[in-house]
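Engineer: Next up, my_file-v3.cif (mmCIF, C-alpha atoms).
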data_my_file
loop_
_atom_site.label_atom_id
_atom_site.label_comp_id
_atom_site.auth_asym_id
_atom_site.auth_seq_id
_atom_site.Cartn_x
_atom_site.Cartn_y
_atom_site.Cartn_z
CA MET A 202 25.77 -22.37 -19.60
CA THR A 203 24.97 -22.48 -15.91
CA PRO A 204 23.85 -25.99 -14.93
CA ARG A 205 20.29 -26.38 -13.77
CA SER A 206 20.73 -26.85 -10.03
CA LYS A 207 19.32 -25.53 -6.82
CA ARG A 208 19.25 -21.73 -6.72
CA ARG A 209 21.99 -20.27 -4.55
CA PRO A 210 22.46 -17.01 -2.65
CA VAL A 211 24.07 -14.40 -4.89
CA HIS A 212 24.51 -10.80 -3.79
CA GLY A 213 25.34 -7.72 -5.82
CA VAL A 214 24.30 -5.52 -8.74
CA LEU A 215 24.55 -6.38 -12.42
CA LEU A 216 24.31 -3.54 -14.93
CA VAL A 217 22.50 -5.02 -17.93
CA ASP A 218 22.31 -3.45 -21.38
CA LYS A 219 18.74 -4.53 -22.15
CA PRO A 220 18.02 -5.02 -25.85
CA ALA A 221 14.95 -3.61 -27.55
CA GLY A 222 12.16 -6.18 -27.88
CA MET A 223 12.73 -7.78 -24.48
CA SER A 224 10.76 -6.95 -21.33
CA SER A 225 12.61 -5.85 -18.22
CA ASN A 226 11.33 -8.92 -16.39
CA ALA A 227 12.60 -11.23 -19.14
CA ALA A 228 16.03 -9.58 -18.94
CA LEU A 229 16.01 -9.96 -15.16
CA GLN A 230 15.04 -13.64 -15.33
CA LYS A 231 17.75 -14.32 -17.93
CA ALA A 232 20.40 -12.71 -15.74
CA ARG A 233 19.09 -14.59 -12.71
CA TYR A 234 19.27 -17.89 -14.62
CA LEU A 235 22.83 -17.22 -15.77
CA LEU A 236 23.91 -16.61 -12.17
CA ASN A 237 21.66 -19.37 -10.76
CA ALA A 238 20.58 -16.81 -8.18
CA GLU A 239 17.84 -17.21 -5.57
CA LYS A 240 16.52 -13.66 -5.48
CA ALA A 241 16.59 -10.84 -8.02
CA GLY A 242 14.84 -7.57 -8.82
CA HIS A 243 15.39 -4.54 -11.04
CA THR A 244 15.43 -0.84 -10.26
CA GLY A 245 12.89 0.54 -12.70
CA THR A 246 11.06 -0.90 -15.70
CA LEU A 247 12.17 -0.20 -19.24
CA ASP A 248 9.43 -0.65 -21.85
CA PRO A 249 9.98 -3.63 -24.18
CA PHE A 250 10.58 -1.34 -27.19
CA ALA A 251 13.25 0.57 -25.23
CA ASP A 252 16.86 -0.43 -24.71
CA GLY A 253 19.72 0.56 -22.45
CA LEU A 254 20.73 0.47 -18.80
CA LEU A 255 18.82 -1.85 -16.47
CA PRO A 256 20.42 -2.35 -13.02
CA VAL A 257 19.51 -5.80 -11.67
CA CYS A 258 19.88 -6.46 -7.93
CA PHE A 259 20.55 -9.87 -6.40
CA GLY A 260 20.08 -11.06 -2.84
CA GLU A 261 20.99 -8.53 -0.16
CA ALA A 262 21.47 -5.80 -2.74
CA SER A 263 17.70 -5.91 -3.38
CA LYS A 264 17.21 -4.19 -0.02
CA PHE A 265 18.68 -1.01 -1.48
CA ALA A 266 17.00 -1.04 -4.90
CA SER A 267 14.53 1.68 -3.94
CA TRP A 268 17.32 4.25 -3.83
CA GLN A 269 17.89 3.63 -7.53
CA LEU A 270 14.16 3.69 -8.26
CA ASP A 271 14.12 7.24 -6.89
CA ALA A 272 17.26 8.32 -8.78
CA ASP A 273 17.38 10.73 -11.72
CA LYS A 274 17.65 9.04 -15.11
CA ARG A 275 19.12 10.09 -18.45
CA TYR A 276 17.58 9.04 -21.78
CA ARG A 277 18.16 9.49 -25.48
CA ALA A 278 14.83 9.59 -27.32
CA ARG A 279 13.91 9.65 -31.00
CA LEU A 280 10.58 11.35 -31.75
CA CYS A 281 8.46 11.09 -34.87
CA LEU A 282 6.68 14.42 -35.29
CA GLY A 283 3.28 14.56 -36.95
CA VAL A 284 2.16 11.05 -35.94
CA THR A 285 0.34 10.03 -32.76
CA THR A 286 -0.33 6.47 -31.58
CA THR A 287 -2.55 4.86 -28.96
CA THR A 288 0.44 4.06 -26.75
CA GLY A 289 2.74 6.99 -27.48
CA ASP A 290 5.33 4.58 -28.90
CA PRO A 291 5.78 2.36 -32.00
CA GLU A 292 3.79 -0.51 -30.46
CA GLY A 293 0.47 1.33 -30.68
CA GLU A 294 -1.99 1.93 -33.51
CA ILE A 295 -1.79 5.20 -35.41
CA LEU A 296 -4.35 7.76 -34.26
CA SER A 297 -3.48 10.76 -36.42
CA GLN A 298 -1.03 11.85 -39.11
CA MET A 299 -0.07 15.22 -40.52
CA VAL A 300 2.93 16.95 -42.03
CA PRO A 301 4.66 18.87 -39.20
CA GLN A 302 5.18 22.56 -39.88
CA VAL A 303 8.12 23.25 -37.59
CA ASP A 304 11.75 24.28 -38.02
CA GLN A 305 14.72 23.59 -35.77
CA SER A 306 14.60 26.94 -33.97
CA GLY A 307 10.88 26.50 -33.28
CA LEU A 308 11.49 23.05 -31.85
CA GLN A 309 14.37 24.35 -29.72
CA ALA A 310 12.10 27.02 -28.28
CA VAL A 311 9.40 24.48 -27.40
CA LEU A 312 11.89 22.10 -25.77
CA ALA A 313 13.13 24.93 -23.55
CA GLU A 314 9.60 25.34 -22.18
CA PHE A 315 9.74 21.85 -20.67
CA ARG A 316 12.83 22.44 -18.52
CA GLY A 317 12.25 22.55 -14.79
CA GLU A 318 9.46 21.40 -12.51
CA SER A 319 6.00 20.60 -13.82
CA MET A 320 3.08 18.22 -13.38
CA GLN A 321 2.74 15.13 -15.56
CA THR A 322 -0.15 12.69 -15.84
CA PRO A 323 0.99 9.04 -16.12
CA PRO A 324 -0.11 7.37 -19.37
CA MET A 325 -2.68 4.59 -19.47
CA TYR A 326 -0.12 2.35 -21.16
CA SER A 327 2.16 2.14 -18.13
CA ALA A 328 3.03 -0.33 -15.37
CA LEU A 329 1.62 1.95 -12.69
CA LYS A 330 -0.81 -0.15 -10.64
CA VAL A 331 -4.41 0.64 -9.71
CA ASN A 332 -6.17 -1.86 -7.43
CA GLY A 333 -3.23 -4.23 -7.88
CA LYS A 334 -3.42 -4.24 -11.69
CA PRO A 335 -1.13 -2.29 -14.07
CA LEU A 336 -2.77 0.48 -16.04
CA TYR A 337 -1.86 -1.10 -19.37
CA GLU A 338 -4.18 -4.03 -18.61
CA TYR A 339 -7.11 -1.63 -18.24
CA ALA A 340 -6.05 0.17 -21.43
CA ARG A 341 -5.92 -3.08 -23.41
CA ALA A 342 -9.46 -3.80 -22.22
CA GLY A 343 -10.58 -0.41 -23.51
CA ILE A 344 -10.95 1.09 -20.04
CA GLU A 345 -9.53 4.52 -19.28
CA LEU A 346 -9.11 5.42 -15.62
CA PRO A 347 -8.59 8.86 -14.11
CA ARG A 348 -4.95 9.42 -13.12
CA GLN A 349 -3.57 12.08 -10.85
CA ALA A 350 -0.86 14.34 -12.24
CA ARG A 351 2.33 14.22 -10.22
CA PRO A 352 5.35 16.49 -9.94
CA ILE A 353 8.35 15.82 -12.17
CA ASN A 354 11.54 17.71 -12.92
CA ILE A 355 13.21 17.83 -16.32
CA HIS A 356 16.70 18.90 -15.34
CA GLU A 357 18.10 18.92 -18.89
CA ILE A 358 16.65 18.65 -22.39
CA HIS A 359 18.83 18.96 -25.49
CA LEU A 360 18.15 18.60 -29.20
CA LEU A 361 20.70 16.19 -30.69
CA SER A 362 19.47 16.01 -34.28
CA PHE A 363 16.60 17.28 -36.41
CA ASP A 364 15.54 15.77 -39.74
CA LEU A 365 11.79 15.94 -40.26
CA PRO A 366 9.75 14.09 -39.32
CA TYR A 367 12.32 12.91 -36.77
CA ALA A 368 13.99 14.67 -33.86
CA GLU A 369 16.38 13.15 -31.37
CA ILE A 370 16.67 14.57 -27.88
CA GLU A 371 18.58 13.78 -24.68
CA VAL A 372 16.94 14.38 -21.31
CA LEU A 373 17.88 14.12 -17.65
CA VAL A 374 14.69 13.63 -15.65
CA SER A 375 13.52 12.95 -12.13
CA SER A 376 12.17 9.59 -11.05
CA GLY A 377 8.64 8.91 -12.26
CA THR A 378 8.94 10.90 -15.49
CA TYR A 379 7.43 9.20 -18.55
CA VAL A 380 9.44 10.13 -21.64
CA ARG A 381 6.61 8.79 -23.84
CA THR A 382 4.29 11.33 -22.26
CA LEU A 383 6.93 14.03 -22.65
CA ALA A 384 7.15 13.22 -26.38
CA GLU A 385 3.36 13.45 -26.71
CA ASP A 386 3.32 16.76 -24.82
CA ILE A 387 6.02 18.16 -27.10
CA GLY A 388 3.91 17.13 -30.10
CA ARG A 389 0.85 18.83 -28.65
CA ARG A 390 2.83 22.03 -28.01
CA LEU A 391 4.00 21.93 -31.63
CA GLN A 392 0.36 21.36 -32.73
CA CYS A 393 1.32 18.38 -34.87
CA GLY A 394 1.44 15.46 -32.43
CA ALA A 395 4.37 13.11 -31.83
CA HIS A 396 5.31 9.70 -30.52
CA LEU A 397 8.49 7.91 -29.51
CA VAL A 398 10.11 5.59 -32.03
CA ARG A 399 13.16 4.77 -29.92
CA LEU A 400 14.18 5.18 -26.29
CA THR A 401 17.56 4.38 -24.71
CA ARG A 402 18.33 4.72 -21.01
CA LEU A 403 21.82 6.16 -20.78
CA ALA A 404 22.18 6.50 -17.01
CA SER A 405 20.44 5.86 -13.71
CA GLY A 406 21.73 7.47 -10.55
CA GLY A 407 25.47 6.97 -10.52
CA PHE A 408 25.43 4.18 -13.13
CA SER A 409 25.92 4.67 -16.87
CA LEU A 410 25.27 2.56 -19.95
CA ASP A 411 28.98 2.21 -20.75
CA GLN A 412 29.32 0.17 -17.54
CA ALA A 413 26.62 -2.31 -18.64
CA ILE A 414 26.94 -5.65 -20.41
CA GLY A 415 24.67 -7.26 -22.97
CA LEU A 416 23.05 -10.56 -22.04
CA ALA A 417 24.56 -12.41 -25.02
CA ALA A 418 28.09 -11.44 -23.95
CA PHE A 419 27.28 -12.27 -20.33
CA GLU A 420 26.01 -15.72 -21.32
CA ALA A 421 29.26 -16.47 -23.18
CA TRP A 422 31.29 -16.06 -19.97
CA SER A 423 32.08 -18.68 -17.33
CA ILE A 424 30.16 -18.54 -14.05
CA GLU A 425 33.27 -17.14 -12.34
CA GLN A 426 33.51 -14.33 -14.90
CA ARG A 427 29.82 -13.56 -14.46
CA GLU A 428 30.19 -13.31 -10.69
CA SER A 429 33.19 -11.01 -11.06
CA ARG A 430 30.98 -8.57 -12.98
CA LEU A 431 28.72 -7.97 -9.98
CA LEU A 432 29.02 -4.67 -8.14
CA PRO A 433 28.67 -4.66 -4.32
CA ALA A 434 25.36 -3.72 -2.73
CA ASP A 435 26.63 -0.36 -1.51
CA ALA A 436 27.13 0.74 -5.13
CA LEU A 437 23.37 1.46 -5.09
CA VAL A 438 23.76 4.07 -2.36
CA GLY A 439 27.20 5.45 -3.17
CA HIS A 440 25.80 9.00 -3.25
CA LEU A 441 25.26 8.91 0.52
CA PRO A 442 28.05 9.85 2.96
CA ARG A 443 29.97 7.10 4.75
CA LEU A 444 30.09 6.54 8.52
CA ASP A 445 32.42 4.13 10.36
CA PRO A 446 31.01 4.10 13.92
CA GLY A 447 33.11 1.17 15.21
CA GLU A 448 32.46 -2.54 15.56
CA THR A 449 30.25 -2.37 18.64
CA VAL A 450 27.95 0.31 17.27
CA ALA A 451 27.75 -1.36 13.86
CA SER A 452 26.86 -4.69 15.45
CA ARG A 453 24.09 -3.16 17.53
CA LEU A 454 22.69 -1.33 14.50
CA GLN A 455 22.62 -4.60 12.60
CA GLN A 456 20.51 -6.06 15.40
CA GLY A 457 18.00 -3.25 14.93
CA GLN A 458 19.06 -1.23 17.98
CA ARG A 459 19.31 2.53 18.11
CA VAL A 460 22.68 3.75 19.30
CA ARG A 461 23.87 7.16 20.46
CA LEU A 462 27.34 8.11 19.29
CA PRO A 463 29.57 9.20 22.18
CA ASP A 464 30.84 12.75 21.62
CA GLN A 465 31.18 12.37 17.85
CA PRO A 466 30.47 15.64 15.98
CA VAL A 467 28.79 14.16 12.89
CA PRO A 468 26.12 16.12 10.95
CA GLU A 469 22.61 14.72 11.00
CA GLY A 470 21.47 12.87 7.88
CA ARG A 471 21.45 9.48 6.17
CA TYR A 472 24.65 7.44 6.08
CA ARG A 473 26.20 4.28 4.69
CA ILE A 474 27.38 2.32 7.72
CA TYR A 475 30.57 0.23 7.64
CA ALA A 476 32.24 -2.23 9.98
CA GLU A 477 35.60 -3.92 9.65
CA ALA A 478 34.02 -6.64 7.49
CA GLY A 479 32.53 -4.09 5.11
CA PHE A 480 29.16 -2.49 4.32
CA VAL A 481 26.56 -2.97 7.05
CA GLY A 482 23.60 -0.97 5.78
CA LEU A 483 21.92 2.42 6.01
CA ALA A 484 21.08 4.46 9.09
CA ASP A 485 19.79 7.93 9.93
CA LEU A 486 21.69 10.15 12.34
CA VAL A 487 19.19 12.29 14.27
CA ASP A 488 18.74 14.15 17.52
CA GLY A 489 22.33 15.20 18.06
CA GLY A 490 24.00 11.81 17.62
CA LEU A 491 21.31 9.11 17.78
CA VAL A 492 21.87 6.53 15.02
CA VAL A 493 18.65 4.85 13.83
CA PRO A 494 19.03 1.73 11.64
CA LEU A 495 17.10 2.00 8.40
CA ARG A 496 18.05 -0.96 6.19
CA MET A 497 20.64 -3.50 7.31
CA MET A 498 22.54 -6.26 5.54
CA GLN A 499 22.02 -9.75 6.92
CA SER A 500 25.79 -10.03 7.27
CA PRO A 501 28.27 -7.16 6.90
CA GLY A 502 30.59 -7.43 3.92
CA VAL A 503 28.61 -10.29 2.35
CA ASN A 504 30.25 -11.23 -0.93
CA ARG A 505 28.87 -12.37 -4.26
CA GLN A 506 28.47 -16.03 -3.28
CA GLY A 507 26.77 -15.28 0.04
CA ASN A 508 29.77 -15.81 2.30
CA VAL A 509 31.41 -13.28 4.61
#
Will you turn the file into structure tokens for me?

Structural biologist:
Amino acid sequence: MTPRSKRRPVHGVLLVDKPAGMSSNAALQKARYLLNAEKAGHTGTLDPFADGLLPVCFGEASKFASWQLDADKRYRARLCLGVTTTTGDPEGEILSQMVPQVDQSGLQAVLAEFRGESMQTPPMYSALKVNGKPLYEYARAGIELPRQARPINIHEIHLLSFDLPYAEIEVLVSSGTYVRTLAEDIGRRLQCGAHLVRLTRLASGGFSLDQAIGLAAFEAWSIEQRESRLLPADALVGHLPRLDPGETVASRLQQGQRVRLPDQPVPEGRYRIYAEAGFVGLADLVDGGLVVPLRMMQSPGVNRQGNV
């Protein structure tokens, strides 16, 4: 076990395989304790009943967590057809029950209707905040608030297995999509109702569950082994193109200055910026060569223990 001592600067990304029954915050705090890290955050809440991939960011890597929050995510979901609950998952009270009258081809046809862009209303039992308080707190108090539907995109939806009353699907969805709500909507379309009984996050952005480690296995390692498991901060933004503008330009960007590239034919857009020491941060290239710093590391190439 990590000794109880003063928290220290730790930088990087840990891909955690969160178990069912544990909150995302509890998983984060456990990982933080095992690394004795000062600062940590995750890149998107998984419900306590759900399991799977939870990227946890430490130190400087936390600056780039929002790019994972906005990333597409892949899930495997097990639906119970014919039963609805107050929460849309197994933690709620049963609202209705009936024997579903649907066959596999009928379910396949309904699933196909959900592919593509649509509008989805966030559920009351969610962490979405209204006036600084998550919606689930209002729901537990018996208060239902109006919520605005927002655009989502279901890029893929596949039926993996079908054995009434259960159906297992795999989906690739845009950020902000609630799979619990999707399950309820599928049930409504089938006219029998449905709720989730299991949910596993398989991937988030460029990360996949097979890269993650369970907390029990992580705890069994030495502190050096735990640190070696951390990915660098730029792993969070690996989908963006790389730009090496030179030491002088990189240094000025790190100081918050805008810099114009001299006669360098680089397309406009968002870039990962690198110096000789390593990753510096993110910047936007605009106006025919003007580089505008967006999010900078405190020190380029900072390593897991906070040194350069």

Engineer: Just the number, please: distance in Å from CA of Gln455 in chain A to CA of Arg496 in chain A, one decimal.

Structural biologist: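 Taking CA of Gln455 in chain A as the start and CA of Arg496 in chain A as the end point, the length is 8.7 Å.
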
Engineer: Given the file above and the PyMOL selection byres ((chain A and resi 346) around 9), which residues are selected, and can you give them as a ChimeraX atom specification?

Structural biologist: /A:325,331,336,339-340,344-345,347-348

Engineer: Neighbours of Val311 in chain A within 12 Å (only C-alpha atoms; same-chain residues fewer than 5 positions away dropped), as an MDAnalysis selection string?

Structural biologist: chainID A and resid 303:306 316 358:360 383:384 386:392

Engineer: Keeping C-alpha atoms for every residue in the selection just given, could you write it to a file as a PDB file, in the frame of the given file?

Structural biologist:
ATOM      1  CA  VAL A 303       8.120  23.250 -37.590  1.00  0.00           C
ATOM      2  CA  ASP A 304      11.750  24.280 -38.020  1.00  0.00           C
ATOM      3  CA  GLN A 305      14.720  23.590 -35.770  1.00  0.00           C
ATOM      4  CA  SER A 306      14.600  26.940 -33.970  1.00  0.00           C
ATOM      5  CA  ARG A 316      12.830  22.440 -18.520  1.00  0.00           C
ATOM      6  CA  ILE A 358      16.650  18.650 -22.390  1.00  0.00           C
ATOM      7  CA  HIS A 359      18.830  18.960 -25.490  1.00  0.00           C
ATOM      8  CA  LEU A 360      18.150  18.600 -29.200  1.00  0.00           C
ATOM      9  CA  LEU A 383       6.930  14.030 -22.650  1.00  0.00           C
ATOM     10  CA  ALA A 384       7.150  13.220 -26.380  1.00  0.00           C
ATOM     11  CA  ASP A 386       3.320  16.760 -24.820  1.00  0.00           C
ATOM     12  CA  ILE A 387       6.020  18.160 -27.100  1.00  0.00           C
ATOM     13  CA  GLY A 388       3.910  17.130 -30.100  1.00  0.00           C
ATOM     14  CA  ARG A 389       0.850  18.830 -28.650  1.00  0.00           C
ATOM     15  CA  ARG A 390       2.830  22.030 -28.010  1.00  0.00           C
ATOM     16  CA  LEU A 391       4.000  21.930 -31.630  1.00  0.00           C
ATOM     17  CA  GLN A 392       0.360  21.360 -32.730  1.00  0.00           C
TER      18      GLN A 392
END

Engineer: For the structure provided, state which residues fall under the PyMOL selection byres ((chain A and resi 273) around 10), and present them as a ChimeraX atom specification.

Structural biologist: /A:269-272,274-275,354-356,373-378,404-407

Engineer: Excluding same-chain residues fewer than 4 positions from Gln456 in chain A, what lies within 9 Å of it counting all atoms listed in the file, as a list in words?

Structural biologist: Ala451, Ser452, Pro494 and Met497 of chain A

Engineer: Have a look at CA of Tyr379 in chain A and CA of Leu329 in chain A and let me know their distance in Å, one decimal.

Structural biologist: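 Spanning CA of Tyr379 in chain A to CA of Leu329 in chain A is a straight-line distance of 11.0 Å.
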